[in-house]
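Trainee: Supplied structure: start.cif, mmCIF, C-alpha atoms.
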data_run
#
loop_
_atom_site.label_atom_id
_atom_site.label_comp_id
_atom_site.auth_asym_id
_atom_site.auth_seq_id
_atom_site.Cartn_x
_atom_site.Cartn_y
_atom_site.Cartn_z
CA MET A 1 43.37 -26.66 30.17
CA VAL A 2 46.45 -24.66 31.15
CA THR A 3 45.98 -21.97 33.78
CA ARG A 4 48.07 -18.90 33.02
CA PHE A 5 48.82 -16.29 35.63
CA PRO A 6 50.47 -12.89 35.26
CA SER A 7 54.22 -12.89 35.72
CA VAL A 8 54.71 -12.06 39.39
CA ASP A 9 56.87 -13.06 42.31
CA GLU A 10 56.19 -16.73 43.02
CA HIS A 11 57.12 -16.39 46.70
CA VAL A 12 53.94 -14.76 47.96
CA GLU A 13 51.87 -15.17 51.09
CA GLY A 14 48.87 -16.22 49.04
CA SER A 15 46.42 -15.17 46.36
CA ARG A 16 42.83 -14.05 45.95
CA LEU A 17 41.16 -15.49 42.86
CA GLN A 18 37.87 -14.92 41.11
CA LEU A 19 36.74 -18.12 39.41
CA ASP A 20 34.08 -18.71 36.75
CA ILE A 21 32.93 -22.34 37.16
CA TRP A 22 30.68 -24.82 35.39
CA HIS A 23 30.36 -28.48 36.39
CA PRO A 24 27.87 -31.23 35.51
CA GLU A 25 24.92 -32.42 37.58
CA CYS A 26 24.68 -29.11 39.43
CA TRP A 27 21.18 -27.90 40.29
CA THR A 28 22.25 -24.27 40.82
CA LEU A 29 23.60 -24.08 37.28
CA GLU A 30 20.58 -25.87 35.84
CA VAL A 31 17.94 -23.64 37.43
CA THR A 32 19.74 -20.32 36.88
CA ASP A 33 20.25 -21.26 33.23
CA SER A 34 16.54 -21.90 32.68
CA ALA A 35 14.79 -19.53 35.11
CA PRO A 36 15.13 -15.78 35.81
CA GLY A 37 16.97 -14.50 38.84
CA GLY A 38 19.93 -16.00 40.62
CA LEU A 39 21.35 -17.39 43.83
CA LEU A 40 23.89 -16.46 46.44
CA GLY A 41 25.51 -19.38 48.25
CA HIS A 42 26.43 -18.88 51.91
CA GLY A 43 27.93 -22.27 52.76
CA VAL A 44 27.60 -25.99 52.08
CA TYR A 45 27.81 -28.64 54.81
CA ALA A 46 27.90 -32.44 54.73
CA ILE A 47 25.02 -33.77 56.84
CA ASP A 48 24.06 -37.46 56.87
CA GLY A 49 25.88 -38.04 53.59
CA LYS A 50 24.06 -35.20 51.83
CA ALA A 51 25.10 -31.68 50.93
CA THR A 52 23.02 -29.09 52.78
CA GLY A 53 23.49 -25.53 51.59
CA ARG A 54 22.24 -22.10 52.64
CA PHE A 55 21.26 -19.82 49.78
CA THR A 56 19.54 -16.56 48.97
CA ALA A 57 17.30 -16.75 45.91
CA TYR A 58 16.56 -13.45 44.17
CA GLY A 59 14.59 -12.13 41.21
CA ARG A 60 13.70 -8.76 39.75
CA SER A 61 10.09 -9.30 40.76
CA VAL A 62 8.04 -11.60 42.96
CA ASP A 63 6.90 -13.46 39.83
CA ASP A 64 10.50 -14.04 38.75
CA LEU A 65 11.42 -15.23 42.23
CA GLU A 66 8.48 -17.63 42.33
CA GLU A 67 9.47 -19.03 38.92
CA LEU A 68 13.01 -19.62 40.18
CA LEU A 69 11.75 -21.31 43.37
CA ALA A 70 9.47 -23.56 41.33
CA ALA A 71 12.43 -24.58 39.16
CA ILE A 72 14.51 -25.39 42.25
CA GLU A 73 11.76 -27.52 43.78
CA ALA A 74 11.10 -29.31 40.48
CA SER A 75 14.75 -30.06 39.78
CA PRO A 76 15.59 -33.79 39.90
CA LEU A 77 18.93 -32.73 41.39
CA THR A 78 17.43 -31.33 44.64
CA ASP A 79 16.18 -33.62 47.41
CA GLU A 80 14.65 -31.11 49.80
CA VAL A 81 14.00 -27.37 49.59
CA ARG A 82 12.98 -25.27 52.60
CA GLU A 83 12.47 -21.54 52.80
CA ALA A 84 14.36 -19.91 55.67
CA ASP A 85 13.31 -17.12 58.00
CA GLN A 86 12.34 -14.12 55.88
CA HIS A 87 14.54 -11.88 58.04
CA TYR A 88 17.56 -13.79 56.77
CA ALA A 89 16.74 -12.79 53.19
CA THR A 90 16.72 -9.03 53.74
CA ASP A 91 19.54 -6.70 52.66
CA VAL A 92 21.68 -9.50 51.26
CA GLY A 93 23.54 -7.42 48.72
CA THR A 94 22.07 -8.99 45.59
CA PRO A 95 23.10 -7.36 42.29
CA ASP A 96 20.00 -5.12 42.37
CA PRO A 97 18.80 -3.81 45.77
CA GLU A 98 15.24 -3.80 44.46
CA ASN A 99 15.25 -7.58 43.94
CA ALA A 100 12.68 -9.81 45.62
CA THR A 101 14.60 -12.26 47.83
CA THR A 102 14.15 -15.20 50.15
CA GLY A 103 16.43 -17.48 52.12
CA LEU A 104 16.64 -21.18 51.28
CA VAL A 105 18.07 -24.37 52.75
CA VAL A 106 18.56 -26.97 50.02
CA GLN A 107 19.63 -30.61 50.37
CA TYR A 108 21.16 -32.46 47.44
CA GLU A 109 23.73 -35.12 46.52
CA LEU A 110 27.13 -34.41 48.04
CA THR A 111 28.92 -35.73 44.96
CA ASN A 112 27.23 -33.03 42.87
CA SER A 113 28.79 -30.21 44.91
CA ILE A 114 32.14 -28.71 43.92
CA ASN A 115 32.58 -27.11 47.35
CA ASP A 116 34.64 -29.92 48.91
CA ALA A 117 36.85 -30.23 45.82
CA LEU A 118 37.81 -26.57 46.26
CA VAL A 119 38.03 -26.34 50.06
CA SER A 120 39.97 -29.60 50.47
CA ARG A 121 42.67 -28.12 48.20
CA GLY A 122 42.95 -24.91 50.18
CA PHE A 123 40.60 -22.65 48.17
CA ILE A 124 38.67 -20.87 50.92
CA PRO A 125 35.55 -18.87 49.89
CA ASP A 126 36.08 -15.20 50.68
CA GLU A 127 32.53 -14.04 49.96
CA PRO A 128 29.18 -15.59 49.01
CA VAL A 129 29.18 -17.60 45.79
CA ARG A 130 27.17 -15.93 43.02
CA MET A 131 25.17 -18.20 40.71
CA THR A 132 23.55 -16.74 37.63
CA ASP A 133 22.99 -17.56 33.94
CA GLY A 134 24.17 -21.14 34.38
CA ARG A 135 27.55 -20.27 35.95
CA GLU A 136 29.01 -20.12 39.45
CA TYR A 137 31.29 -17.23 40.40
CA TRP A 138 33.60 -17.93 43.34
CA THR A 139 35.96 -15.54 45.12
CA VAL A 140 38.53 -17.56 47.04
CA VAL A 141 41.81 -17.09 48.87
CA ILE A 142 44.61 -19.65 48.96
CA HIS A 143 48.03 -19.59 50.60
CA GLU A 144 50.09 -21.36 47.95
CA ASP A 145 52.42 -20.34 45.14
CA ARG A 146 51.06 -19.89 41.62
CA ALA A 147 52.40 -23.20 40.30
CA THR A 148 50.65 -25.13 43.08
CA ILE A 149 47.42 -23.20 42.48
CA ALA A 150 47.50 -24.09 38.79
CA ASP A 151 48.09 -27.78 39.58
CA ARG A 152 45.22 -27.88 42.07
CA LEU A 153 42.82 -26.21 39.66
CA ASP A 154 43.71 -28.85 37.08
CA GLU A 155 42.98 -31.54 39.68
CA ILE A 156 39.53 -30.04 40.28
CA ARG A 157 38.82 -29.87 36.55
CA GLU A 158 39.69 -33.55 36.18
CA GLU A 159 37.93 -34.76 39.33
CA LYS A 160 34.66 -32.89 38.70
CA SER A 161 34.72 -32.74 34.87
CA ALA A 162 34.53 -29.00 35.46
CA ILE A 163 35.27 -25.90 33.46
CA VAL A 164 37.18 -23.56 35.76
CA GLU A 165 38.29 -20.22 34.37
CA VAL A 166 40.41 -17.78 36.37
CA GLU A 167 38.93 -14.31 35.86
CA THR A 168 41.35 -12.44 38.12
CA VAL A 169 44.19 -13.34 40.47
CA ARG A 170 45.83 -10.98 42.95
CA SER A 171 48.64 -11.58 45.40
CA LEU A 172 47.44 -10.95 48.92
CA HIS A 173 50.28 -8.46 49.35
CA GLU A 174 49.02 -6.48 46.33
CA GLY A 175 46.94 -3.90 48.19
CA VAL A 176 46.33 -6.09 51.25
CA THR A 177 48.58 -6.35 54.30
CA ASN A 178 47.57 -8.54 57.24
CA GLY A 179 43.99 -8.42 56.03
CA VAL A 180 43.88 -4.60 55.84
CA PHE A 181 43.58 -2.79 52.53
CA ARG A 182 46.23 -0.19 51.81
CA THR A 183 44.34 2.96 50.82
CA ASP A 184 47.31 5.13 49.82
CA CYS A 185 46.46 4.41 46.15
CA LEU A 186 43.07 6.15 46.50
CA SER A 187 42.14 9.76 45.96
CA GLU A 188 41.07 11.68 49.07
CA ARG A 189 37.39 11.40 48.13
CA GLN A 190 37.65 7.70 47.28
CA ARG A 191 39.38 7.02 50.59
CA GLU A 192 36.69 8.93 52.48
CA VAL A 193 33.89 6.96 50.81
CA PHE A 194 35.62 3.58 51.21
CA GLU A 195 36.50 4.11 54.88
CA LEU A 196 32.96 5.24 55.68
CA ALA A 197 31.54 2.16 53.93
CA ARG A 198 33.95 -0.11 55.79
CA THR A 199 33.32 1.37 59.25
CA ARG A 200 29.54 1.42 58.78
CA GLY A 201 29.46 -2.31 57.95
CA TYR A 202 28.77 -2.05 54.23
CA TYR A 203 31.17 -4.96 53.61
CA ARG A 204 29.95 -7.13 56.46
CA TRP A 205 27.55 -10.02 55.89
CA PRO A 206 24.71 -9.32 56.04
CA ARG A 207 25.28 -5.67 55.27
CA GLU A 208 24.69 -3.28 58.16
CA THR A 209 24.05 -0.26 55.96
CA THR A 210 23.03 0.57 52.41
CA ALA A 211 24.51 2.71 49.67
CA ALA A 212 21.56 5.07 50.06
CA ASP A 213 22.33 5.55 53.79
CA LEU A 214 26.00 6.21 53.05
CA ALA A 215 25.09 8.72 50.34
CA ALA A 216 22.75 10.54 52.71
CA GLU A 217 25.48 10.72 55.37
CA LEU A 218 27.88 12.27 52.84
CA ASP A 219 25.14 14.45 51.31
CA VAL A 220 25.76 13.16 47.77
CA ALA A 221 23.65 11.31 45.23
CA GLU A 222 23.64 7.53 45.60
CA ALA A 223 24.93 7.14 42.02
CA THR A 224 27.86 9.44 42.85
CA LEU A 225 28.72 7.47 45.97
CA LEU A 226 28.60 4.17 44.10
CA GLU A 227 30.88 5.55 41.38
CA HIS A 228 33.48 6.59 43.99
CA LEU A 229 33.12 3.26 45.78
CA ARG A 230 33.51 1.14 42.64
CA LYS A 231 36.59 3.10 41.56
CA ALA A 232 38.08 2.65 45.02
CA GLU A 233 37.37 -1.08 45.00
CA SER A 234 38.92 -1.42 41.54
CA LYS A 235 42.12 0.27 42.70
CA LEU A 236 42.31 -1.77 45.90
CA LEU A 237 41.90 -5.06 44.05
CA ASP A 238 44.21 -3.98 41.23
CA PRO A 239 46.68 -1.32 42.36
CA GLY A 240 47.81 -0.92 38.74
CA ALA A 241 44.35 0.17 37.64
CA VAL A 242 43.81 3.81 36.69
#
Any chance you could give the structure as structure tokens?

Mentor:
Amino acid sequence: MVTRFPSVDEHVEGSRLQLDIWHPECWTLEVTDSAPGGLLGHGVYAIDGKATGRFTAYGRSVDDLEELLAAIEASPLTDEVREADQHYATDVGTPDPENATTGLVVQYELTNSINDALVSRGFIPDEPVRMTDGREYWTVVIHEDRATIADRLDEIREEKSAIVEVETVRSLHEGVTNGVFRTDCLSERQREVFELARTRGYYRWPRETTAADLAAELDVAEATLLEHLRKAESKLLDPGAV
């Protein structure tokens, strides 16, 4: 598979990519393909020759969550599944704030994880990995030119027999300077909403505030706040967006 990137300056400080990944013998893909709900991955570590990962499991209801947990425990690809402190599972920023959630620690075969294949080649996770409908969605940053990125993605595909699709790629200097978003592309209202969200810890992990709290502080409907916030995020990640 040939990875194609937009025509941009090759001499960049780095890139932020959103990747859609499938690879064989992966329990997260197996269970989210067959059971309702999804997972957020917060880190994978090699311990005693095994992969040990921290996850948040979520479902639209307690029944859906329990079905997902049963699938994880029954999977032949998981060795040990432990529920974490319930406090860890609260306000985790799942796709729907009404989801039932719980924290998990899961042990499984290290060779079945794609984490090391990515990290060892300089792809550093920039936010929790989202796993749903039999796919993994990674947001990563890497400080290499586009040709090197393409070569390394091809190496991962070959090593892990993986399907890796690049959904978006942005140069780190496109809207980001020294880790700080440039907000001059935003409208006054979008900038106000984004800066409030940032300073109140909406983008920290775990989140320190909710969209409802931000909306109340600005005296607007939550749906209105989210619309402003999503438009602001779209412009910051793609300065060419309308």

Trainee: Using CA of Glu25 (chain A) and CA of Asp79 (chain A) as the two end points, give the distance in Å to one decimal.

Mentor: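 According to the coordinates, CA of Glu25 (chain A) and CA of Asp79 (chain A) are separated by 13.2 Å.
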
Trainee: For the file shown, report as a PDB file with C-alpha atoms, keeping the file's coordinate frame the outcome of the PyMOL selection byres ((chain A and resi 111-118) around 12) at residue level.

Mentor:
ATOM      1  CA  LEU A  19      36.740 -18.120  39.410  1.00  0.00           C
ATOM      2  CA  ILE A  21      32.930 -22.340  37.160  1.00  0.00           C
ATOM      3  CA  TRP A  22      30.680 -24.820  35.390  1.00  0.00           C
ATOM      4  CA  HIS A  23      30.360 -28.480  36.390  1.00  0.00           C
ATOM      5  CA  PRO A  24      27.870 -31.230  35.510  1.00  0.00           C
ATOM      6  CA  GLU A  25      24.920 -32.420  37.580  1.00  0.00           C
ATOM      7  CA  CYS A  26      24.680 -29.110  39.430  1.00  0.00           C
ATOM      8  CA  TRP A  27      21.180 -27.900  40.290  1.00  0.00           C
ATOM      9  CA  THR A  28      22.250 -24.270  40.820  1.00  0.00           C
ATOM     10  CA  LEU A  29      23.600 -24.080  37.280  1.00  0.00           C
ATOM     11  CA  GLY A  41      25.510 -19.380  48.250  1.00  0.00           C
ATOM     12  CA  HIS A  42      26.430 -18.880  51.910  1.00  0.00           C
ATOM     13  CA  GLY A  43      27.930 -22.270  52.760  1.00  0.00           C
ATOM     14  CA  VAL A  44      27.600 -25.990  52.080  1.00  0.00           C
ATOM     15  CA  TYR A  45      27.810 -28.640  54.810  1.00  0.00           C
ATOM     16  CA  ALA A  46      27.900 -32.440  54.730  1.00  0.00           C
ATOM     17  CA  GLY A  49      25.880 -38.040  53.590  1.00  0.00           C
ATOM     18  CA  LYS A  50      24.060 -35.200  51.830  1.00  0.00           C
ATOM     19  CA  ALA A  51      25.100 -31.680  50.930  1.00  0.00           C
ATOM     20  CA  THR A  52      23.020 -29.090  52.780  1.00  0.00           C
ATOM     21  CA  GLY A  53      23.490 -25.530  51.590  1.00  0.00           C
ATOM     22  CA  LEU A  77      18.930 -32.730  41.390  1.00  0.00           C
ATOM     23  CA  THR A  78      17.430 -31.330  44.640  1.00  0.00           C
ATOM     24  CA  ASP A  79      16.180 -33.620  47.410  1.00  0.00           C
ATOM     25  CA  VAL A 106      18.560 -26.970  50.020  1.00  0.00           C
ATOM     26  CA  GLN A 107      19.630 -30.610  50.370  1.00  0.00           C
ATOM     27  CA  TYR A 108      21.160 -32.460  47.440  1.00  0.00           C
ATOM     28  CA  GLU A 109      23.730 -35.120  46.520  1.00  0.00           C
ATOM     29  CA  LEU A 110      27.130 -34.410  48.040  1.00  0.00           C
ATOM     30  CA  VAL A 119      38.030 -26.340  50.060  1.00  0.00           C
ATOM     31  CA  SER A 120      39.970 -29.600  50.470  1.00  0.00           C
ATOM     32  CA  ARG A 121      42.670 -28.120  48.200  1.00  0.00           C
ATOM     33  CA  GLY A 122      42.950 -24.910  50.180  1.00  0.00           C
ATOM     34  CA  PHE A 123      40.600 -22.650  48.170  1.00  0.00           C
ATOM     35  CA  ILE A 124      38.670 -20.870  50.920  1.00  0.00           C
ATOM     36  CA  PRO A 125      35.550 -18.870  49.890  1.00  0.00           C
ATOM     37  CA  VAL A 129      29.180 -17.600  45.790  1.00  0.00           C
ATOM     38  CA  GLU A 136      29.010 -20.120  39.450  1.00  0.00           C
ATOM     39  CA  TRP A 138      33.600 -17.930  43.340  1.00  0.00           C
ATOM     40  CA  THR A 139      35.960 -15.540  45.120  1.00  0.00           C
ATOM     41  CA  VAL A 140      38.530 -17.560  47.040  1.00  0.00           C
ATOM     42  CA  VAL A 141      41.810 -17.090  48.870  1.00  0.00           C
ATOM     43  CA  ILE A 142      44.610 -19.650  48.960  1.00  0.00           C
ATOM     44  CA  ILE A 149      47.420 -23.200  42.480  1.00  0.00           C
ATOM     45  CA  ARG A 152      45.220 -27.880  42.070  1.00  0.00           C
ATOM     46  CA  LEU A 153      42.820 -26.210  39.660  1.00  0.00           C
ATOM     47  CA  ASP A 154      43.710 -28.850  37.080  1.00  0.00           C
ATOM     48  CA  GLU A 155      42.980 -31.540  39.680  1.00  0.00           C
ATOM     49  CA  ILE A 156      39.530 -30.040  40.280  1.00  0.00           C
ATOM     50  CA  ARG A 157      38.820 -29.870  36.550  1.00  0.00           C
ATOM     51  CA  GLU A 158      39.690 -33.550  36.180  1.00  0.00           C
ATOM     52  CA  GLU A 159      37.930 -34.760  39.330  1.00  0.00           C
ATOM     53  CA  LYS A 160      34.660 -32.890  38.700  1.00  0.00           C
ATOM     54  CA  SER A 161      34.720 -32.740  34.870  1.00  0.00           C
ATOM     55  CA  ALA A 162      34.530 -29.000  35.460  1.00  0.00           C
ATOM     56  CA  ILE A 163      35.270 -25.900  33.460  1.00  0.00           C
ATOM     57  CA  VAL A 164      37.180 -23.560  35.760  1.00  0.00           C
TER      58      VAL A 164
END

Trainee: Report the distance between CA of Thr101 (chain A) and CA of Leu65 (chain A) in Å, rounded to one decimal place.

Mentor: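 CA of Leu65 (chain A) lies at a distance of 7.1 Å from CA of Thr101 (chain A).
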
Trainee: Tell me which residues the PyMOL selection byres ((chain A and resi 61) around 12) grabs here, as a PyMOL selection string.

Mentor: chain A and resi 36-38+57-60+62-68+96-102

Trainee: For each of A:Ala211, A:Val31, A:Leu17, A:Val105, take the minimum atom-to-atom distance to Thr56 (chain A), counting all atoms listed in the file, then give the residue where this is smallest.

Mentor: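 Among the listed residues, A:Val105 lies closest to Thr56 (chain A).
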
Trainee: What is the CA of Asp33 (chain A) to CA of Arg135 (chain A) distance in Å?

Mentor: 7.9 Å

Trainee: With all atoms listed in the file as the counted atoms, please give the residues lying no more than 7 Å from region 192-201 of chain A, apart from itself and same-chain residues fewer than 2 positions off, as a count of residues only.

Mentor: 12

Trainee: Which is closest to Ser15 (chain A) among A:Val81, A:Leu186, A:Ile47, A:Val166, if we use all atoms listed in the file?

Mentor: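 For Ser15 (chain A), the nearest of the candidates is A:Val166.
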
Trainee: Nearest residue to Leu39 (chain A) out of A:Arg130, A:Arg54, A:Arg170, A:His143, using all atoms listed in the file?

Mentor: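 Closest residue, counting all atoms listed in the file: A:Arg130.
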